[in-house]
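File shown here: final_2.csv, holding CSV, C-alpha atoms.
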```csv
chain,number,residue,atom,x,y,z
A,1,SER,CA,150.7,120.0,-62.3
A,2,ASN,CA,152.6,120.6,-59.1
A,3,SER,CA,149.4,121.4,-57.3
A,4,PHE,CA,148.7,117.7,-57.0
A,5,CYS,CA,149.3,116.2,-53.6
A,6,THR,CA,149.9,112.5,-54.4
A,7,LEU,CA,151.2,110.0,-51.8
A,8,LEU,CA,152.2,106.5,-52.8
A,9,VAL,CA,151.2,104.1,-50.0
A,10,ARG,CA,151.1,100.3,-49.8
A,11,SER,CA,147.7,98.8,-49.6
A,12,GLY,CA,146.8,95.5,-48.0
A,13,MET,CA,144.1,95.1,-50.6
A,14,ASP,CA,144.5,91.8,-52.5
A,15,ALA,CA,141.4,92.3,-54.5
A,16,ALA,CA,140.3,91.1,-57.9
A,17,PHE,CA,140.3,93.9,-60.5
A,18,PRO,CA,137.7,92.7,-63.1
A,19,CYS,CA,137.9,93.7,-66.7
A,20,SER,CA,136.7,92.7,-70.2
A,21,PRO,CA,138.9,91.0,-72.7
A,22,ALA,CA,138.4,94.1,-74.9
A,23,ALA,CA,139.7,96.5,-72.3
A,24,TYR,CA,142.9,94.6,-71.7
A,25,CYS,CA,143.6,93.8,-75.3
A,26,THR,CA,143.0,97.4,-76.5
A,27,ALA,CA,145.3,98.8,-73.8
A,28,ALA,CA,148.0,96.2,-74.7
A,29,LEU,CA,147.7,96.8,-78.4
A,30,HIS,CA,148.1,100.5,-77.8
A,31,ALA,CA,151.3,99.9,-75.9
A,32,LEU,CA,152.5,97.4,-78.5
A,33,LYS,CA,151.8,99.9,-81.3
A,34,HIS,CA,154.2,102.4,-79.7
A,35,PRO,CA,156.9,100.2,-78.0
A,36,THR,CA,159.5,103.0,-77.6
A,37,GLN,CA,157.0,105.7,-76.5
A,38,PRO,CA,155.1,106.3,-73.3
A,39,VAL,CA,151.4,105.6,-73.7
A,40,MET,CA,148.4,106.3,-71.6
A,41,GLY,CA,144.6,105.8,-71.8
A,42,LEU,CA,141.5,105.7,-69.8
A,43,LEU,CA,139.3,102.8,-68.7
A,44,LEU,CA,135.5,102.9,-68.8
A,45,GLY,CA,133.0,100.9,-67.0
A,46,PRO,CA,129.2,100.6,-66.7
A,47,ARG,CA,127.3,102.4,-64.0
A,48,ALA,CA,127.6,100.4,-60.8
A,49,SER,CA,124.6,98.4,-59.7
A,50,PRO,CA,123.3,98.6,-56.1
A,51,ALA,CA,124.8,95.1,-55.5
A,52,ALA,CA,128.2,96.2,-56.7
A,53,THR,CA,128.2,99.1,-54.2
A,54,ALA,CA,126.9,97.1,-51.3
A,55,ASP,CA,130.4,96.9,-49.8
A,56,GLY,CA,130.6,100.7,-49.7
A,57,GLY,CA,132.3,100.9,-53.1
A,58,LYS,CA,135.5,99.2,-51.9
A,59,ALA,CA,135.6,96.6,-54.6
A,60,ALA,CA,137.4,97.6,-57.8
A,61,ALA,CA,135.0,98.6,-60.6
A,62,TYR,CA,134.7,96.5,-63.8
A,63,ALA,CA,136.6,98.0,-66.7
A,64,SER,CA,134.6,97.3,-69.9
A,65,ALA,CA,136.6,99.3,-72.4
A,66,ALA,CA,139.9,101.1,-72.8
A,67,VAL,CA,140.1,104.5,-74.5
A,68,PRO,CA,143.6,105.2,-75.8
A,69,VAL,CA,144.7,108.9,-75.2
A,70,ALA,CA,148.3,109.5,-76.0
A,71,HIS,CA,151.6,108.0,-77.2
A,72,THR,CA,154.2,110.8,-77.1
A,73,GLU,CA,155.8,112.9,-74.4
A,74,VAL,CA,152.2,114.1,-73.8
A,75,ALA,CA,151.7,110.8,-71.9
A,76,SER,CA,154.7,111.3,-69.7
A,77,ALA,CA,154.6,114.9,-68.6
A,78,PRO,CA,151.9,117.4,-67.7
A,79,HIS,CA,150.1,118.7,-70.8
A,80,PRO,CA,146.8,120.5,-71.3
A,81,MET,CA,145.8,117.9,-73.9
A,82,THR,CA,145.5,115.2,-71.3
A,83,GLU,CA,143.1,117.2,-69.2
A,84,ILE,CA,141.0,118.0,-72.3
A,85,ALA,CA,141.0,114.3,-73.2
A,86,VAL,CA,139.8,113.3,-69.7
A,87,LYS,CA,137.0,115.8,-69.8
A,88,GLN,CA,136.0,114.8,-73.3
A,89,VAL,CA,136.0,111.1,-72.5
A,90,LEU,CA,134.1,111.7,-69.3
A,91,ALA,CA,131.4,113.6,-71.2
A,92,VAL,CA,131.0,110.9,-73.8
A,93,ALA,CA,131.0,108.1,-71.2
A,94,THR,CA,128.4,109.9,-69.1
A,95,SER,CA,126.1,110.4,-72.1
A,96,SER,CA,126.3,106.6,-72.8
A,97,GLY,CA,125.6,105.5,-69.3
A,98,ARG,CA,129.2,104.7,-68.4
A,99,ARG,CA,131.9,106.2,-66.2
A,100,ILE,CA,135.7,106.5,-66.0
A,101,VAL,CA,136.9,103.7,-63.7
A,102,GLY,CA,140.6,103.7,-64.4
A,103,LEU,CA,143.7,104.7,-66.2
A,104,TYR,CA,146.4,102.6,-67.9
A,105,ALA,CA,150.0,103.7,-68.7
A,106,ALA,CA,153.2,102.2,-70.1
A,107,ASN,CA,156.6,103.8,-69.7
A,108,GLU,CA,158.9,104.6,-72.5
A,109,ARG,CA,161.7,102.2,-71.6
A,110,CYS,CA,161.3,98.5,-71.6
A,111,GLY,CA,161.9,97.2,-68.1
A,112,ASP,CA,160.9,100.5,-66.5
A,113,ASN,CA,158.0,99.4,-64.3
A,114,ALA,CA,158.1,102.3,-61.8
A,115,LEU,CA,155.0,104.4,-61.4
A,116,SER,CA,156.2,107.9,-62.4
A,117,GLU,CA,155.3,111.0,-60.4
A,118,HIS,CA,153.5,112.3,-63.5
A,119,THR,CA,151.4,109.2,-63.9
A,120,ALA,CA,150.5,109.2,-60.2
A,121,ALA,CA,149.5,112.9,-60.5
A,122,LEU,CA,147.5,112.3,-63.6
A,123,ALA,CA,145.7,109.3,-62.0
A,124,SER,CA,144.8,111.5,-59.0
A,125,PHE,CA,143.5,114.2,-61.4
A,126,VAL,CA,141.4,111.6,-63.2
A,127,ALA,CA,140.0,110.3,-59.9
A,128,GLY,CA,139.1,113.8,-59.0
A,129,GLU,CA,137.2,114.3,-62.3
A,130,ALA,CA,135.5,110.9,-62.0
A,131,GLY,CA,134.5,111.7,-58.4
A,132,GLU,CA,135.5,108.3,-57.1
A,133,PRO,CA,138.7,106.1,-56.7
A,134,ILE,CA,140.0,104.6,-59.9
A,135,THR,CA,142.1,101.6,-60.9
A,136,VAL,CA,145.6,102.2,-62.4
A,137,TRP,CA,147.2,99.7,-64.7
A,138,LEU,CA,150.9,100.1,-65.1
A,139,MET,CA,151.7,97.9,-68.2
A,140,ASP,CA,154.8,95.8,-67.9
A,141,ASN,CA,156.5,96.3,-71.2
A,142,ALA,CA,158.9,93.4,-70.9
A,143,LYS,CA,156.0,90.9,-70.3
A,144,LEU,CA,153.5,92.6,-72.6
A,145,PRO,CA,154.3,90.8,-76.0
A,146,PRO,CA,152.3,87.6,-76.4
A,147,GLY,CA,154.3,84.6,-75.2
A,148,LYS,CA,156.2,86.5,-72.5
A,149,SER,CA,153.5,86.0,-69.8
A,150,GLU,CA,150.6,83.7,-69.1
A,151,GLY,CA,148.5,86.4,-67.6
A,152,ALA,CA,148.0,90.2,-67.6
A,153,ALA,CA,151.2,92.1,-67.7
A,154,VAL,CA,150.2,94.9,-65.3
A,155,LYS,CA,151.0,96.3,-61.9
A,156,LEU,CA,147.9,97.5,-60.1
A,157,TYR,CA,147.2,100.6,-58.1
A,158,THR,CA,144.2,102.4,-56.7
A,159,ALA,CA,144.1,106.2,-57.2
A,160,GLU,CA,142.2,108.7,-55.1
A,161,LYS,CA,142.3,112.5,-55.4
A,162,THR,CA,145.1,112.9,-52.9
A,163,ARG,CA,146.9,109.5,-52.9
A,164,ILE,CA,147.9,106.4,-54.8
A,165,SER,CA,147.7,102.9,-53.2
A,166,ALA,CA,149.7,100.0,-54.5
A,167,ALA,CA,147.6,96.9,-54.6
A,168,GLY,CA,148.5,93.9,-52.5
A,169,SER,CA,150.9,91.2,-53.8
A,170,SER,CA,148.1,88.8,-54.8
A,171,ALA,CA,145.9,91.4,-56.4
A,172,ALA,CA,145.3,90.6,-60.1
A,173,LEU,CA,143.2,91.4,-63.1
A,174,THR,CA,140.4,89.0,-63.6
A,175,PHE,CA,138.6,88.6,-66.9
A,176,ALA,CA,134.9,88.2,-67.6
A,177,GLU,CA,132.3,89.4,-70.1
A,178,TRP,CA,129.6,91.7,-68.8
A,179,ASP,CA,126.2,90.4,-67.9
A,180,SER,CA,123.9,93.2,-68.9
A,181,ALA,CA,120.9,91.6,-67.2
A,182,ALA,CA,122.5,91.2,-63.9
A,183,LEU,CA,124.5,94.4,-64.2
A,184,ALA,CA,127.6,92.6,-63.1
A,185,PRO,CA,130.5,90.6,-64.6
A,186,LYS,CA,129.5,87.1,-65.6
A,187,ALA,CA,130.1,84.5,-63.0
A,188,ALA,CA,132.2,82.3,-65.3
A,189,PRO,CA,135.7,83.8,-65.5
A,190,ILE,CA,137.9,83.7,-68.6
A,191,ALA,CA,141.4,82.3,-68.1
A,192,GLY,CA,144.3,84.7,-68.4
A,193,ARG,CA,146.1,82.4,-70.9
A,194,ALA,CA,143.0,82.5,-73.2
A,195,ILE,CA,143.2,86.3,-73.2
A,196,ILE,CA,146.9,86.3,-74.0
A,197,ALA,CA,146.2,83.8,-76.8
A,198,ARG,CA,143.6,86.2,-78.2
A,199,LEU,CA,146.0,89.1,-77.9
A,200,GLY,CA,148.5,87.0,-79.9
A,201,GLU,CA,146.0,86.5,-82.6
A,202,LEU,CA,145.2,90.2,-82.7
A,203,VAL,CA,148.9,91.1,-83.0
A,204,GLU,CA,149.4,88.6,-85.8
A,205,ALA,CA,146.4,90.2,-87.6
A,206,ARG,CA,148.2,93.6,-87.2
A,207,LYS,CA,145.4,95.0,-85.1
A,208,ALA,CA,147.9,97.1,-83.1
A,209,ALA,CA,148.2,99.4,-86.2
A,210,ALA,CA,144.4,99.8,-86.1
A,211,VAL,CA,144.3,101.3,-82.6
A,212,GLY,CA,143.7,105.0,-82.7
A,213,ASP,CA,144.2,107.4,-79.7
A,214,PHE,CA,143.0,110.9,-78.8
A,215,GLU,CA,146.3,112.4,-79.8
A,216,GLU,CA,145.9,111.0,-83.3
A,217,HIS,CA,142.3,112.2,-83.4
A,218,LEU,CA,143.5,115.7,-82.9
A,219,GLU,CA,145.6,115.4,-86.1
A,220,ASN,CA,143.0,113.5,-88.1
A,221,CYS,CA,139.4,113.8,-87.0
A,222,GLU,CA,138.5,110.6,-88.8
A,223,VAL,CA,140.5,108.6,-86.2
A,224,ASP,CA,137.9,107.1,-83.7
A,225,TYR,CA,139.8,106.9,-80.5
A,226,PHE,CA,137.0,104.8,-78.9
A,227,ASN,CA,138.0,102.1,-81.3
A,228,PRO,CA,134.5,100.6,-81.7
A,229,TRP,CA,135.9,97.5,-83.6
A,230,ALA,CA,137.7,96.3,-80.5
A,231,ALA,CA,134.7,94.9,-78.5
A,232,ALA,CA,133.9,92.4,-81.3
A,233,ALA,CA,137.5,91.6,-82.2
A,234,CYS,CA,138.4,90.9,-78.6
A,235,ALA,CA,135.3,89.1,-77.5
A,236,MET,CA,135.8,85.5,-76.3
A,237,GLU,CA,132.2,84.3,-77.0
```
Could you rewrite the structure in this file as structure tokens?
Amino acid sequence: SNSFCTLLVRSGMDAAFPCSPAAYCTAALHALKHPTQPVMGLLLGPRASPAATADGGKAAAYASAAVPVAHTEVASAPHPMTEIAVKQVLAVATSSGRRIVGLYAANERCGDNALSEHTAALASFVAGEAGEPITVWLMDNAKLPPGKSEGAAVKLYTAEKTRISAAGSSAALTFAEWDSAALAPKAAPIAGRAIIARLGELVEARKAAAVGDFEEHLENCEVDYFNPWAAAACAME
């Protein structure tokens, strides 16, 4: 929508952007399933604990799961379906004690790592619906296949309702399982190369084909775009 006022600015934030293995692997598998199409999805996280918001909410929220949304031109241009998907996912997340904490996207052309005006506007829309800033993962198509990178193949941004901030040069995804007792990511991090190795195993097992998105769900209601199998398949413990 042209009504969005989105300004891309450079942020000095060199923060860690924590996520679960399942969130990253699901997003990566979605992009790998459709290598010549634009893809996008949403990132969910648990409700923040008081400790997690002690800094005024400046730290990036933990992404526990990825929810694939679209894989055609719907992902790269304004479309009513994406707004419907955001509202539907937000309703389901809220009912299960979670919230939308981010958005991921991959461009159609390999090597195109620019954040498009549409993706920026969509991220701002999602931030508005979520009622808080969100994290944006722009997937690096060239580095996404296993063996092309030792860590997460993403460029990181923070989206608010009226602007997008590019993360600092040393900002990175960090991987950890969730500690449900402490309501925080577990203290022991998981090495990026271990996540990439697991992603490689999932690709070899043809799990990319198993990833369903909201767009496919509209065509076949039996497709579960929350992909409940992913958490166990991607877990490192």
Who sits within 12 Å of region 178-194 of chain A, only C-alpha atoms, same chain under 6 positions skipped, as a PyMOL selection string: chain A and resi 16-25+45-53+60-65+146-153+172+200-201+231+234-237
Can you pull out every residue within 12 Å of Gly212 (chain A), counting all atoms listed in the file, but drop anything in the same chain fewer than 3 positions away, and send it as a PDB file with C-alpha atoms, keeping the file's coordinate frame?
```pdb
ATOM      1  CA  THR A  26     143.000  97.400 -76.500  1.00  0.00           C
ATOM      2  CA  ALA A  27     145.300  98.800 -73.800  1.00  0.00           C
ATOM      3  CA  LEU A  29     147.700  96.800 -78.400  1.00  0.00           C
ATOM      4  CA  HIS A  30     148.100 100.500 -77.800  1.00  0.00           C
ATOM      5  CA  ALA A  31     151.300  99.900 -75.900  1.00  0.00           C
ATOM      6  CA  LYS A  33     151.800  99.900 -81.300  1.00  0.00           C
ATOM      7  CA  HIS A  34     154.200 102.400 -79.700  1.00  0.00           C
ATOM      8  CA  VAL A  39     151.400 105.600 -73.700  1.00  0.00           C
ATOM      9  CA  GLY A  41     144.600 105.800 -71.800  1.00  0.00           C
ATOM     10  CA  ALA A  66     139.900 101.100 -72.800  1.00  0.00           C
ATOM     11  CA  VAL A  67     140.100 104.500 -74.500  1.00  0.00           C
ATOM     12  CA  PRO A  68     143.600 105.200 -75.800  1.00  0.00           C
ATOM     13  CA  VAL A  69     144.700 108.900 -75.200  1.00  0.00           C
ATOM     14  CA  ALA A  70     148.300 109.500 -76.000  1.00  0.00           C
ATOM     15  CA  HIS A  71     151.600 108.000 -77.200  1.00  0.00           C
ATOM     16  CA  LYS A 207     145.400  95.000 -85.100  1.00  0.00           C
ATOM     17  CA  ALA A 208     147.900  97.100 -83.100  1.00  0.00           C
ATOM     18  CA  ALA A 209     148.200  99.400 -86.200  1.00  0.00           C
ATOM     19  CA  GLU A 215     146.300 112.400 -79.800  1.00  0.00           C
ATOM     20  CA  GLU A 216     145.900 111.000 -83.300  1.00  0.00           C
ATOM     21  CA  HIS A 217     142.300 112.200 -83.400  1.00  0.00           C
ATOM     22  CA  LEU A 218     143.500 115.700 -82.900  1.00  0.00           C
ATOM     23  CA  GLU A 219     145.600 115.400 -86.100  1.00  0.00           C
ATOM     24  CA  ASN A 220     143.000 113.500 -88.100  1.00  0.00           C
ATOM     25  CA  CYS A 221     139.400 113.800 -87.000  1.00  0.00           C
ATOM     26  CA  GLU A 222     138.500 110.600 -88.800  1.00  0.00           C
ATOM     27  CA  VAL A 223     140.500 108.600 -86.200  1.00  0.00           C
ATOM     28  CA  ASP A 224     137.900 107.100 -83.700  1.00  0.00           C
ATOM     29  CA  TYR A 225     139.800 106.900 -80.500  1.00  0.00           C
ATOM     30  CA  PHE A 226     137.000 104.800 -78.900  1.00  0.00           C
ATOM     31  CA  ASN A 227     138.000 102.100 -81.300  1.00  0.00           C
ATOM     32  CA  PRO A 228     134.500 100.600 -81.700  1.00  0.00           C
ATOM     33  CA  TRP A 229     135.900  97.500 -83.600  1.00  0.00           C
ATOM     34  CA  ALA A 230     137.700  96.300 -80.500  1.00  0.00           C
TER      35      ALA A 230
END
```
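Of the residues listed (A:Ile195, A:Ala176, A:Leu32, A:Ala233), A:Leu32 shows the shortest atom-to-atom separation from Cys110 (chain A); distances use only C-alpha atoms.
The closest residue to Asn107 (chain A), picked from A:Leu43, A:Arg198, A:Leu156, A:Ser76 and counting all atoms listed in the file, is A:Ser76.
With CA of Ala127 (chain A) on one side and CA of Thr82 (chain A) on the other, the separation reads 13.6 Å.
Picture a line from CA of Gln88 (chain A) to CA of Lys161 (chain A); it runs 19.1 Å.
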